[in-house]
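> As input, take my_file_13.pdb (PDB, C-alpha atoms):
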```
MODEL        1
ATOM      1  CA  MET J  11     -46.749 -32.011  14.195
ATOM      2  CA  SER J  12     -44.715 -29.141  15.640
ATOM      3  CA  LYS J  13     -42.787 -29.731  18.839
ATOM      4  CA  LEU J  14     -39.841 -28.390  20.794
ATOM      5  CA  TYR J  15     -37.592 -31.058  22.266
ATOM      6  CA  ILE J  16     -35.291 -29.957  25.087
ATOM      7  CA  VAL J  17     -32.312 -32.287  24.877
ATOM      8  CA  PRO J  18     -29.616 -32.586  27.571
ATOM      9  CA  THR J  19     -26.068 -33.143  26.337
ATOM     10  CA  PRO J  20     -23.062 -34.598  28.197
ATOM     11  CA  ILE J  21     -21.318 -32.345  30.719
ATOM     12  CA  GLY J  22     -17.999 -33.989  29.904
ATOM     13  CA  ASN J  23     -18.008 -37.688  29.111
ATOM     14  CA  LEU J  24     -19.660 -38.193  25.716
ATOM     15  CA  GLU J  25     -20.861 -41.652  26.763
ATOM     16  CA  ASP J  26     -23.402 -39.974  29.035
ATOM     17  CA  ILE J  27     -25.685 -39.025  26.148
ATOM     18  CA  THR J  28     -28.781 -41.221  25.837
ATOM     19  CA  PHE J  29     -29.786 -43.311  22.825
ATOM     20  CA  ARG J  30     -33.036 -41.363  22.716
ATOM     21  CA  ALA J  31     -31.234 -38.010  22.650
ATOM     22  CA  VAL J  32     -29.183 -39.077  19.630
ATOM     23  CA  LYS J  33     -32.340 -40.346  17.876
ATOM     24  CA  VAL J  34     -34.205 -37.076  18.472
ATOM     25  CA  LEU J  35     -31.267 -34.950  17.308
ATOM     26  CA  LYS J  36     -31.114 -36.946  14.093
ATOM     27  CA  GLU J  37     -34.847 -36.671  13.399
ATOM     28  CA  VAL J  38     -35.735 -33.037  14.132
ATOM     29  CA  ASP J  39     -35.761 -30.351  11.432
ATOM     30  CA  THR J  40     -33.357 -27.994  13.208
ATOM     31  CA  ILE J  41     -31.127 -28.042  16.293
ATOM     32  CA  LEU J  42     -30.932 -24.816  18.289
ATOM     33  CA  ALA J  43     -27.420 -24.688  19.756
ATOM     34  CA  GLU J  44     -25.842 -22.360  22.297
ATOM     35  CA  ASP J  45     -22.504 -22.493  20.448
ATOM     36  CA  THR J  46     -22.622 -24.183  17.059
ATOM     37  CA  ARG J  47     -18.845 -24.786  17.115
ATOM     38  CA  THR J  48     -18.994 -26.638  20.421
ATOM     39  CA  SER J  49     -22.135 -28.568  19.463
ATOM     40  CA  GLY J  50     -20.660 -29.332  16.053
ATOM     41  CA  LYS J  51     -18.057 -31.549  17.698
ATOM     42  CA  LEU J  52     -20.775 -33.476  19.537
ATOM     43  CA  LEU J  53     -22.880 -33.901  16.400
ATOM     44  CA  LYS J  54     -19.881 -35.060  14.377
ATOM     45  CA  HIS J  55     -18.996 -37.650  17.033
ATOM     46  CA  PHE J  56     -22.465 -39.206  16.783
ATOM     47  CA  ASP J  57     -22.798 -38.710  13.008
ATOM     48  CA  ILE J  58     -25.739 -36.321  13.361
ATOM     49  CA  GLN J  59     -26.282 -34.407  10.124
ATOM     50  CA  THR J  60     -29.125 -32.129  11.266
ATOM     51  CA  SER J  61     -28.658 -28.429  10.562
ATOM     52  CA  MET J  62     -27.998 -26.097  13.480
ATOM     53  CA  GLN J  63     -29.113 -22.579  14.316
ATOM     54  CA  SER J  64     -27.456 -20.340  16.912
ATOM     55  CA  HIS J  65     -29.589 -19.693  20.008
ATOM     56  CA  HIS J  66     -27.765 -18.215  22.997
ATOM     57  CA  MET J  67     -28.187 -15.681  25.808
ATOM     58  CA  HIS J  68     -27.128 -12.760  23.606
ATOM     59  CA  ASN J  69     -29.648 -13.346  20.808
ATOM     60  CA  GLU J  70     -32.506 -15.382  22.317
ATOM     61  CA  HIS J  71     -34.720 -12.316  22.856
ATOM     62  CA  LYS J  72     -34.462 -11.604  19.116
ATOM     63  CA  THR J  73     -34.800 -15.160  17.802
ATOM     64  CA  VAL J  74     -37.692 -16.518  19.907
ATOM     65  CA  ASN J  75     -40.492 -14.999  17.807
ATOM     66  CA  GLY J  76     -39.068 -16.310  14.543
ATOM     67  CA  ILE J  77     -38.628 -19.798  15.984
ATOM     68  CA  ILE J  78     -42.196 -19.769  17.322
ATOM     69  CA  GLN J  79     -43.546 -18.860  13.886
ATOM     70  CA  ARG J  80     -41.686 -21.762  12.319
ATOM     71  CA  LEU J  81     -42.960 -24.105  15.020
ATOM     72  CA  LEU J  82     -46.528 -22.946  14.415
ATOM     73  CA  GLN J  83     -46.029 -23.823  10.748
ATOM     74  CA  GLY J  84     -45.210 -27.414  11.695
ATOM     75  CA  GLU J  85     -41.430 -27.565  12.118
ATOM     76  CA  VAL J  86     -39.802 -29.619  14.886
ATOM     77  CA  PHE J  87     -36.866 -28.216  16.841
ATOM     78  CA  ALA J  88     -34.415 -29.569  19.405
ATOM     79  CA  LEU J  89     -32.819 -27.184  21.880
ATOM     80  CA  ILE J  90     -29.390 -28.018  23.294
ATOM     81  CA  SER J  91     -26.806 -26.124  25.336
ATOM     82  CA  ASP J  92     -23.035 -26.503  25.346
ATOM     83  CA  ALA J  93     -23.340 -29.036  28.179
ATOM     84  CA  GLY J  94     -26.075 -30.309  30.471
ATOM     85  CA  THR J  95     -29.784 -29.531  30.406
ATOM     86  CA  PRO J  96     -30.922 -26.350  28.636
ATOM     87  CA  ALA J  97     -32.567 -23.638  30.787
ATOM     88  CA  ILE J  98     -30.560 -24.667  33.875
ATOM     89  CA  SER J  99     -28.286 -21.592  34.053
ATOM     90  CA  ASP J 100     -28.344 -21.692  30.245
ATOM     91  CA  PRO J 101     -30.701 -20.341  27.540
ATOM     92  CA  GLY J 102     -34.042 -22.112  27.208
ATOM     93  CA  PHE J 103     -36.586 -20.554  29.536
ATOM     94  CA  LEU J 104     -37.729 -17.811  27.158
ATOM     95  CA  LEU J 105     -38.346 -20.215  24.285
ATOM     96  CA  THR J 106     -40.048 -22.799  26.489
ATOM     97  CA  ARG J 107     -42.360 -20.168  27.960
ATOM     98  CA  ALA J 108     -43.226 -18.851  24.503
ATOM     99  CA  CYS J 109     -44.057 -22.376  23.311
ATOM    100  CA  VAL J 110     -46.339 -22.954  26.291
ATOM    101  CA  GLN J 111     -48.074 -19.631  25.694
ATOM    102  CA  GLN J 112     -48.602 -20.428  21.991
ATOM    103  CA  GLY J 113     -49.789 -23.991  22.576
ATOM    104  CA  VAL J 114     -46.691 -25.604  21.021
ATOM    105  CA  ALA J 115     -45.853 -29.011  22.491
ATOM    106  CA  VAL J 116     -42.693 -29.116  24.626
ATOM    107  CA  GLU J 117     -40.935 -32.306  25.693
ATOM    108  CA  CYS J 118     -37.829 -32.367  27.880
ATOM    109  CA  LEU J 119     -35.690 -35.491  27.729
ATOM    110  CA  PRO J 120     -33.976 -36.709  30.909
ATOM    111  CA  GLY J 121     -30.226 -36.438  30.979
ATOM    112  CA  ALA J 122     -27.094 -34.824  32.333
ATOM    113  CA  THR J 123     -27.266 -31.901  34.769
ATOM    114  CA  ALA J 124     -24.097 -30.975  36.649
ATOM    115  CA  PHE J 125     -25.645 -30.144  40.012
ATOM    116  CA  VAL J 126     -27.247 -33.571  40.525
ATOM    117  CA  PRO J 127     -24.059 -35.681  40.811
ATOM    118  CA  ALA J 128     -22.382 -32.873  42.766
ATOM    119  CA  LEU J 129     -25.228 -32.881  45.304
ATOM    120  CA  VAL J 130     -25.505 -36.650  45.568
ATOM    121  CA  ASN J 131     -21.792 -37.286  46.102
ATOM    122  CA  SER J 132     -21.345 -34.323  48.453
ATOM    123  CA  GLY J 133     -22.383 -36.296  51.513
ATOM    124  CA  LEU J 134     -24.536 -33.351  52.597
ATOM    125  CA  PRO J 135     -28.315 -33.639  53.158
ATOM    126  CA  ASN J 136     -30.098 -33.942  49.813
ATOM    127  CA  ASP J 137     -33.699 -34.596  50.830
ATOM    128  CA  LYS J 138     -34.329 -30.845  50.592
ATOM    129  CA  PHE J 139     -32.139 -28.403  48.683
ATOM    130  CA  VAL J 140     -32.196 -25.091  46.844
ATOM    131  CA  PHE J 141     -30.482 -24.468  43.512
ATOM    132  CA  GLU J 142     -29.060 -20.941  43.292
ATOM    133  CA  GLY J 143     -27.041 -21.236  40.091
ATOM    134  CA  PHE J 144     -24.642 -18.314  39.605
ATOM    135  CA  LEU J 145     -24.712 -15.602  42.266
ATOM    136  CA  PRO J 146     -25.075 -11.991  41.107
ATOM    137  CA  VAL J 147     -21.669 -10.681  40.072
ATOM    138  CA  LYS J 148     -22.006  -7.251  41.707
ATOM    139  CA  LYS J 149     -25.418  -5.699  42.276
ATOM    140  CA  GLY J 150     -27.526  -7.777  44.635
ATOM    141  CA  ARG J 151     -24.762 -10.193  45.647
ATOM    142  CA  GLN J 152     -24.473  -8.977  49.233
ATOM    143  CA  THR J 153     -28.250  -8.940  49.678
ATOM    144  CA  ARG J 154     -28.544 -12.472  48.332
ATOM    145  CA  LEU J 155     -25.793 -13.808  50.585
ATOM    146  CA  GLN J 156     -27.359 -12.168  53.634
ATOM    147  CA  PHE J 157     -30.638 -13.879  52.795
ATOM    148  CA  LEU J 158     -28.997 -17.267  52.181
ATOM    149  CA  ALA J 159     -27.110 -17.109  55.472
ATOM    150  CA  GLU J 160     -30.404 -18.151  57.130
ATOM    151  CA  GLU J 161     -31.215 -20.922  54.612
ATOM    152  CA  VAL J 162     -31.582 -24.297  56.356
ATOM    153  CA  ARG J 163     -31.653 -26.396  53.179
ATOM    154  CA  THR J 164     -28.548 -27.530  51.325
ATOM    155  CA  MET J 165     -27.553 -24.892  48.761
ATOM    156  CA  ILE J 166     -26.106 -25.460  45.287
ATOM    157  CA  PHE J 167     -24.151 -22.898  43.288
ATOM    158  CA  TYR J 168     -22.359 -22.758  39.945
ATOM    159  CA  GLU J 169     -19.118 -20.809  39.688
ATOM    160  CA  SER J 170     -16.299 -20.178  37.239
ATOM    161  CA  PRO J 171     -12.770 -21.194  38.302
ATOM    162  CA  HIS J 172     -11.306 -17.681  38.313
ATOM    163  CA  LYS J 173     -14.067 -16.453  40.659
ATOM    164  CA  LEU J 174     -14.086 -19.476  42.987
ATOM    165  CA  ASN J 175     -11.809 -18.110  45.712
ATOM    166  CA  LYS J 176     -13.651 -14.794  45.806
ATOM    167  CA  THR J 177     -16.952 -16.625  46.222
ATOM    168  CA  LEU J 178     -15.538 -18.921  48.913
ATOM    169  CA  THR J 179     -14.253 -15.848  50.753
ATOM    170  CA  HIS J 180     -17.758 -14.381  50.655
ATOM    171  CA  PHE J 181     -19.187 -17.684  51.905
ATOM    172  CA  LEU J 182     -16.729 -17.630  54.810
ATOM    173  CA  GLU J 183     -17.850 -14.101  55.678
ATOM    174  CA  TYR J 184     -21.596 -14.744  55.481
ATOM    175  CA  PHE J 185     -21.929 -18.450  56.355
ATOM    176  CA  GLY J 186     -19.035 -18.841  58.792
ATOM    177  CA  ALA J 187     -15.670 -20.585  58.518
ATOM    178  CA  ASP J 188     -16.924 -23.903  59.925
ATOM    179  CA  ARG J 189     -19.870 -24.457  57.558
ATOM    180  CA  GLN J 190     -19.493 -27.742  55.637
ATOM    181  CA  ILE J 191     -19.021 -27.447  51.903
ATOM    182  CA  THR J 192     -17.986 -29.412  48.829
ATOM    183  CA  VAL J 193     -16.497 -28.162  45.582
ATOM    184  CA  SER J 194     -16.860 -30.494  42.598
ATOM    185  CA  ARG J 195     -15.077 -29.712  39.364
ATOM    186  CA  GLU J 196     -14.668 -31.366  35.973
ATOM    187  CA  LEU J 197     -17.515 -33.790  36.710
ATOM    188  CA  THR J 198     -17.493 -36.925  34.491
ATOM    189  CA  LYS J 199     -14.128 -35.894  33.012
ATOM    190  CA  LEU J 200     -10.661 -37.415  33.423
ATOM    191  CA  TYR J 201      -9.597 -35.062  36.225
ATOM    192  CA  GLU J 202     -12.870 -35.032  38.158
ATOM    193  CA  GLU J 203     -12.354 -33.870  41.745
ATOM    194  CA  THR J 204     -14.481 -33.183  44.805
ATOM    195  CA  GLN J 205     -13.039 -31.375  47.810
ATOM    196  CA  ARG J 206     -14.959 -31.699  51.092
ATOM    197  CA  GLY J 207     -14.543 -29.896  54.403
ATOM    198  CA  THR J 208     -15.217 -26.580  56.075
ATOM    199  CA  ILE J 209     -15.365 -23.416  54.014
ATOM    200  CA  ALA J 210     -12.073 -22.340  55.579
ATOM    201  CA  ASP J 211     -10.352 -25.629  54.703
ATOM    202  CA  VAL J 212     -11.604 -25.703  51.115
ATOM    203  CA  LEU J 213     -10.656 -22.039  50.586
ATOM    204  CA  THR J 214      -7.139 -22.796  51.831
ATOM    205  CA  TYR J 215      -6.871 -25.747  49.435
ATOM    206  CA  TYR J 216      -7.895 -23.753  46.363
ATOM    207  CA  THR J 217      -5.756 -20.780  47.396
ATOM    208  CA  GLU J 218      -2.751 -23.096  47.205
ATOM    209  CA  LYS J 219      -4.023 -25.015  44.156
ATOM    210  CA  PRO J 220      -6.075 -22.716  41.883
ATOM    211  CA  ALA J 221      -9.089 -24.496  40.389
ATOM    212  CA  LYS J 222      -9.659 -25.262  36.733
ATOM    213  CA  GLY J 223     -12.755 -26.418  34.859
ATOM    214  CA  GLU J 224     -16.490 -26.227  35.476
ATOM    215  CA  ILE J 225     -17.402 -25.966  39.171
ATOM    216  CA  VAL J 226     -20.399 -26.858  41.357
ATOM    217  CA  ILE J 227     -20.399 -25.770  45.007
ATOM    218  CA  VAL J 228     -22.637 -27.483  47.564
ATOM    219  CA  VAL J 229     -23.064 -25.782  50.938
ATOM    220  CA  ASP J 230     -24.698 -27.216  54.058
ATOM    221  CA  GLY J 231     -27.695 -25.299  55.340
ATOM    222  CA  LYS J 232     -27.765 -23.413  58.619
ATOM    223  CA  LYS J 233     -28.205 -25.671  61.608
TER     224      LYS J 233
ENDMDL
END
```
Go ahead and render the structure in this file as structure tokens.

Amino acid sequence: MSKLYIVPTPIGNLEDITFRAVKVLKEVDTILAEDTRTSGKLLKHFDIQTSMQSHHMHNEHKTVNGIIQRLLQGEVFALISDAGTPAISDPGFLLTRACVQQGVAVECLPGATAFVPALVNSGLPNDKFVFEGFLPVKKGRQTRLQFLAEEVRTMIFYESPHKLNKTLTHFLEYFGADRQITVSRELTKLYEETQRGTIADVLTYYTEKPAKGEIVIVVDGKK
């Protein structure tokens, strides 16, 4: 019976993959991978021999229809990203939506997602929060920040290391220097770090010590 499995992969520490995820990846017909080179290392580590097919943000609009046709013919696919849960700031939404529209079964396994540990260990309120992912790079960025300046829930953002200080500078301008914030980087890895404090303090820290690795920013809501 055809099915699309959405399978989270470790965000750093390979021990964070689940037994069930490994079992599914070994049993499906094809694994759809964001970067087959990156995923190849993961599959080799767990002795997974399943064939892979490239499925990423630059080709997903072109590949969805072909994948759907194969699913409708009875094939079983697993979708993975380079790290974490697919469709969370990664490819996956388009294929999932198409499966739902075509009546193809979709099952998402529980597993690693970077923003969850960053939120929980931030020390900021986590009963209500909003996940923003990556802010617009240029067009719409100012408008979005103006809107979020009034957000009362805790906010979560993803950012790349070379854009971190620019984003923190924008946060200081729109949210105020004294707003509480945490920056978590390299989660689950050897050099995992979380910096806590005001936006001004954290910006000063990363101005003196430029950040490296994957980054999750958690910002307190407006009081």
> Would you kindly return, as a list in words, each protein, DNA or RNA residue with an atom no farther than 7 Å from any atom of stretch 89-106 of chain J, considering only C-alpha atoms and excluding same-chain residues fewer than 4 positions away?
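After dropping sequence-adjacent residues, the list is Tyr15, Ile16, Val17, Pro18, Thr19, Pro20, Ile21, Ile41, Leu42, Ala43, Glu44, Asp45, Thr48, Ser49, His66, Met67, Val74, Val110, Gly121, Ala122, Thr123, Ala124 and Gly143 of chain J.
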> Find the spatial neighbours of J:Thr60, counting all atoms listed in the file, within a cut-off of 12 Å - ignore same-chain residues fewer than 3 positions away - and output them as a list in words.
Val32, Lys33, Val34, Leu35, Lys36, Glu37, Val38, Asp39, Thr40, Ile41, Leu42, Ala43, Thr46, Ser49, Gly50, Leu52, Leu53, Lys54, Phe56, Asp57, Gln63, Val86, Phe87 and Ala88 of chain J
> List every protein, DNA or RNA residue that has an atom no more than 8 Å from (-42.5, -32.2, 26.5) in the file's coordinate frame, counting all atoms listed in the file, and report them as a ChimeraX atom specification.
/J:14-16,115-119
> Quick one: axis-aligned box around all listed atoms of stretch 68-71 of chain J, 5 Å on every side, centre and edge lengths in Å to one decimal, written as AutoDock Vina command-line options.

```
--center_x -30.9 --center_y -13.8 --center_z 22.2 --size_x 17.6 --size_y 13.1 --size_z 12.8
```
> Using only C-alpha atoms, give me every residue within 9 Å of (-24.3, -16.5, 55.0) in file coordinates, as a ChimeraX atom specification.
/J:154-161,180-186,232
> Pick from J:Thr214, J:Ser61, J:Gln83, J:Asn131: nearest to J:Lys13, with all atoms listed in the file counted?
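Answer, going by the shortest atom-to-atom distance: J:Gln83.
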> Using all atoms listed in the file, can you tell me which of J:Ile191, J:Leu197, J:Val226, J:Val162 comes closest to J:Ile209?
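Looking at the shortest contact to J:Ile209, the residue is J:Ile191.
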> Running the PyMOL selection byres ((chain J and resi 137-141) around 8) on this model by hand, what would come out? Give it as a list in words.
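With the shown file as input, the PyMOL selection byres ((chain J and resi 137-141) around 8) matches Pro135, Asn136, Glu142, Gly143, Arg163, Thr164, Met165, Ile166 and Phe167 of chain J.
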> For atom CA of J:Ala108 and atom CA of J:Gly76, quote the distance in Å rounded to one decimal.
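That distance, rounded to one decimal, is 11.1 Å.
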> Name the closest residue to J:Leu129 among the candidates J:His68, J:Arg151, J:Arg206, J:His172; distances are taken between atoms, counting all atoms listed in the file.
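The shortest atom-to-atom distance to J:Leu129 comes from J:Arg206.
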> Work out how far apart atom CA of J:Gln79 and atom CA of J:Thr28 are and give it in Å to one decimal.
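We find that atom CA of J:Gln79 and atom CA of J:Thr28 lie 29.3 Å from each other.
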